[in-house]
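Visitor: The structure's right below; bear with me while I get my questions together.
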Amino acid sequence: MQGIHNRILFSKILVAIDGSTSAKRAFEQSIYLASKCDSKLEVVHVVPCEFGGDSVNTFELVEELKDKGKKILEQCKEIAVKKNISIKTFSDLGDPAKIIIDLAKNNDYDLIVMGSRGRSTFKELLIGSVTQKVAHHAKCPIMIVR
């Protein structure tokens, strides 16, 4: 009976990653949960658009971050496939908190898993600003991993 309950509890999990240590741990925890609950994972990487100007340097930086994100998502996919976990990955460009909140609002996620701090250069006292915004606005439960 325990297995049936778990499947109902977390059938679809959204995982937000950014390459930070806490995001890697969050992904590891989502893999564990998905294996125990027979969940489907959807993993998102968002390249923040906080850069000013329209110079070639800005464009190159955004492209570099997009490439790094694709590599991170590919690694996540490889890990999930090895563990026979259903996974869908996607990336976006914009405000990470807004994109994660919108994804959660427009899809039937049972859980959002994310790291306590991202790669931002600005340090928050307790948790990262993206995590804080998502925790405040999301309609489904959130697991914050340190």
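Note on naming: chains are A, B, ... as they come in the structure tokens, residues start from 1 per chain, ligands start from 1 in the order shown.
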Can you tell me, as a list in words, what residues are no more than 7 Å from segment 56-73 of chain A when counting only C-alpha atoms, ignoring any on the same chain fewer than 6 positions away?

Guide: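 With the cut-off at 7 Å, the set is Gly19, His45, Val47 and Thr89 of chain A.
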
Visitor: Using DSSP on the backbone coordinates, identify the residues of segment 4-139 of chain A assigned to helix (DSSP H, G or I); present them as a PyMOL selection string.

Guide: chain A and resi 4-9+21-37+56-82+96-106+129-137

Visitor: Could you please write out, as a VMD selection string, every residue of segment 15-48 of chain A that DSSP assigns to strand (DSSP E or B)?

Guide: chain A and resid 15 to 17 40 to 48

Visitor: Store the residues of this selection in a file with N, CA and C atoms, as a CSV table (one decimal), in the first residue's frame.

Guide:
chain,number,residue,atom,x,y,z
A,15,VAL,N,12.2,20.2,-11.3
A,15,VAL,CA,13.5,20.4,-10.7
A,15,VAL,C,14.1,21.6,-11.4
A,16,ALA,N,14.5,22.6,-10.6
A,16,ALA,CA,15.2,23.8,-11.1
A,16,ALA,C,16.6,23.7,-10.8
A,17,ILE,N,17.5,23.8,-11.9
A,17,ILE,CA,18.9,23.7,-11.7
A,17,ILE,C,19.6,24.8,-12.3
A,40,LYS,N,7.7,11.2,-12.6
A,40,LYS,CA,8.2,11.8,-13.8
A,40,LYS,C,8.9,13.1,-13.4
A,41,LEU,N,10.2,13.3,-13.9
A,41,LEU,CA,10.9,14.5,-13.6
A,41,LEU,C,10.9,15.4,-14.8
A,42,GLU,N,10.7,16.7,-14.5
A,42,GLU,CA,10.9,17.7,-15.5
A,42,GLU,C,12.0,18.7,-15.0
A,43,VAL,N,13.1,18.8,-15.7
A,43,VAL,CA,14.2,19.6,-15.2
A,43,VAL,C,14.3,20.9,-16.1
A,44,VAL,N,14.4,22.0,-15.4
A,44,VAL,CA,14.5,23.3,-16.1
A,44,VAL,C,15.8,24.0,-15.7
A,45,HIS,N,16.4,24.6,-16.7
A,45,HIS,CA,17.6,25.5,-16.5
A,45,HIS,C,17.2,26.8,-17.1
A,46,VAL,N,17.3,27.9,-16.3
A,46,VAL,CA,17.0,29.2,-16.8
A,46,VAL,C,18.2,30.1,-16.8
A,47,VAL,N,18.5,30.7,-18.0
A,47,VAL,CA,19.6,31.6,-18.1
A,47,VAL,C,19.0,33.0,-17.7
A,48,PRO,N,19.5,33.6,-16.7
A,48,PRO,CA,18.9,34.9,-16.2
A,48,PRO,C,19.3,36.0,-17.3

Visitor: May I have a table of the residues of segment 64-137 of chain A lying at most 9 Å from segment 24-33 of chain A, giving each one's closest pair of atoms and their distance in Å to one decimal, counting only C-alpha atoms, ordered by chain and ascending residue number, as JSON lines?

Guide:
{"residue": "A:Cys76", "atom": "CA", "partner": "A:Phe27", "partner_atom": "CA", "distance": 7.7}
{"residue": "A:Ile79", "atom": "CA", "partner": "A:Ile31", "partner_atom": "CA", "distance": 8.4}
{"residue": "A:Ala80", "atom": "CA", "partner": "A:Ile31", "partner_atom": "CA", "distance": 6.9}
{"residue": "A:Lys83", "atom": "CA", "partner": "A:Ile31", "partner_atom": "CA", "distance": 8.2}
{"residue": "A:Ile85", "atom": "CA", "partner": "A:Ile31", "partner_atom": "CA", "distance": 7.6}
{"residue": "A:Val113", "atom": "CA", "partner": "A:Ala26", "partner_atom": "CA", "distance": 6.0}
{"residue": "A:Met114", "atom": "CA", "partner": "A:Ala26", "partner_atom": "CA", "distance": 5.3}
{"residue": "A:Gly115", "atom": "CA", "partner": "A:Ala26", "partner_atom": "CA", "distance": 5.3}
{"residue": "A:Ser116", "atom": "CA", "partner": "A:Ala26", "partner_atom": "CA", "distance": 8.6}
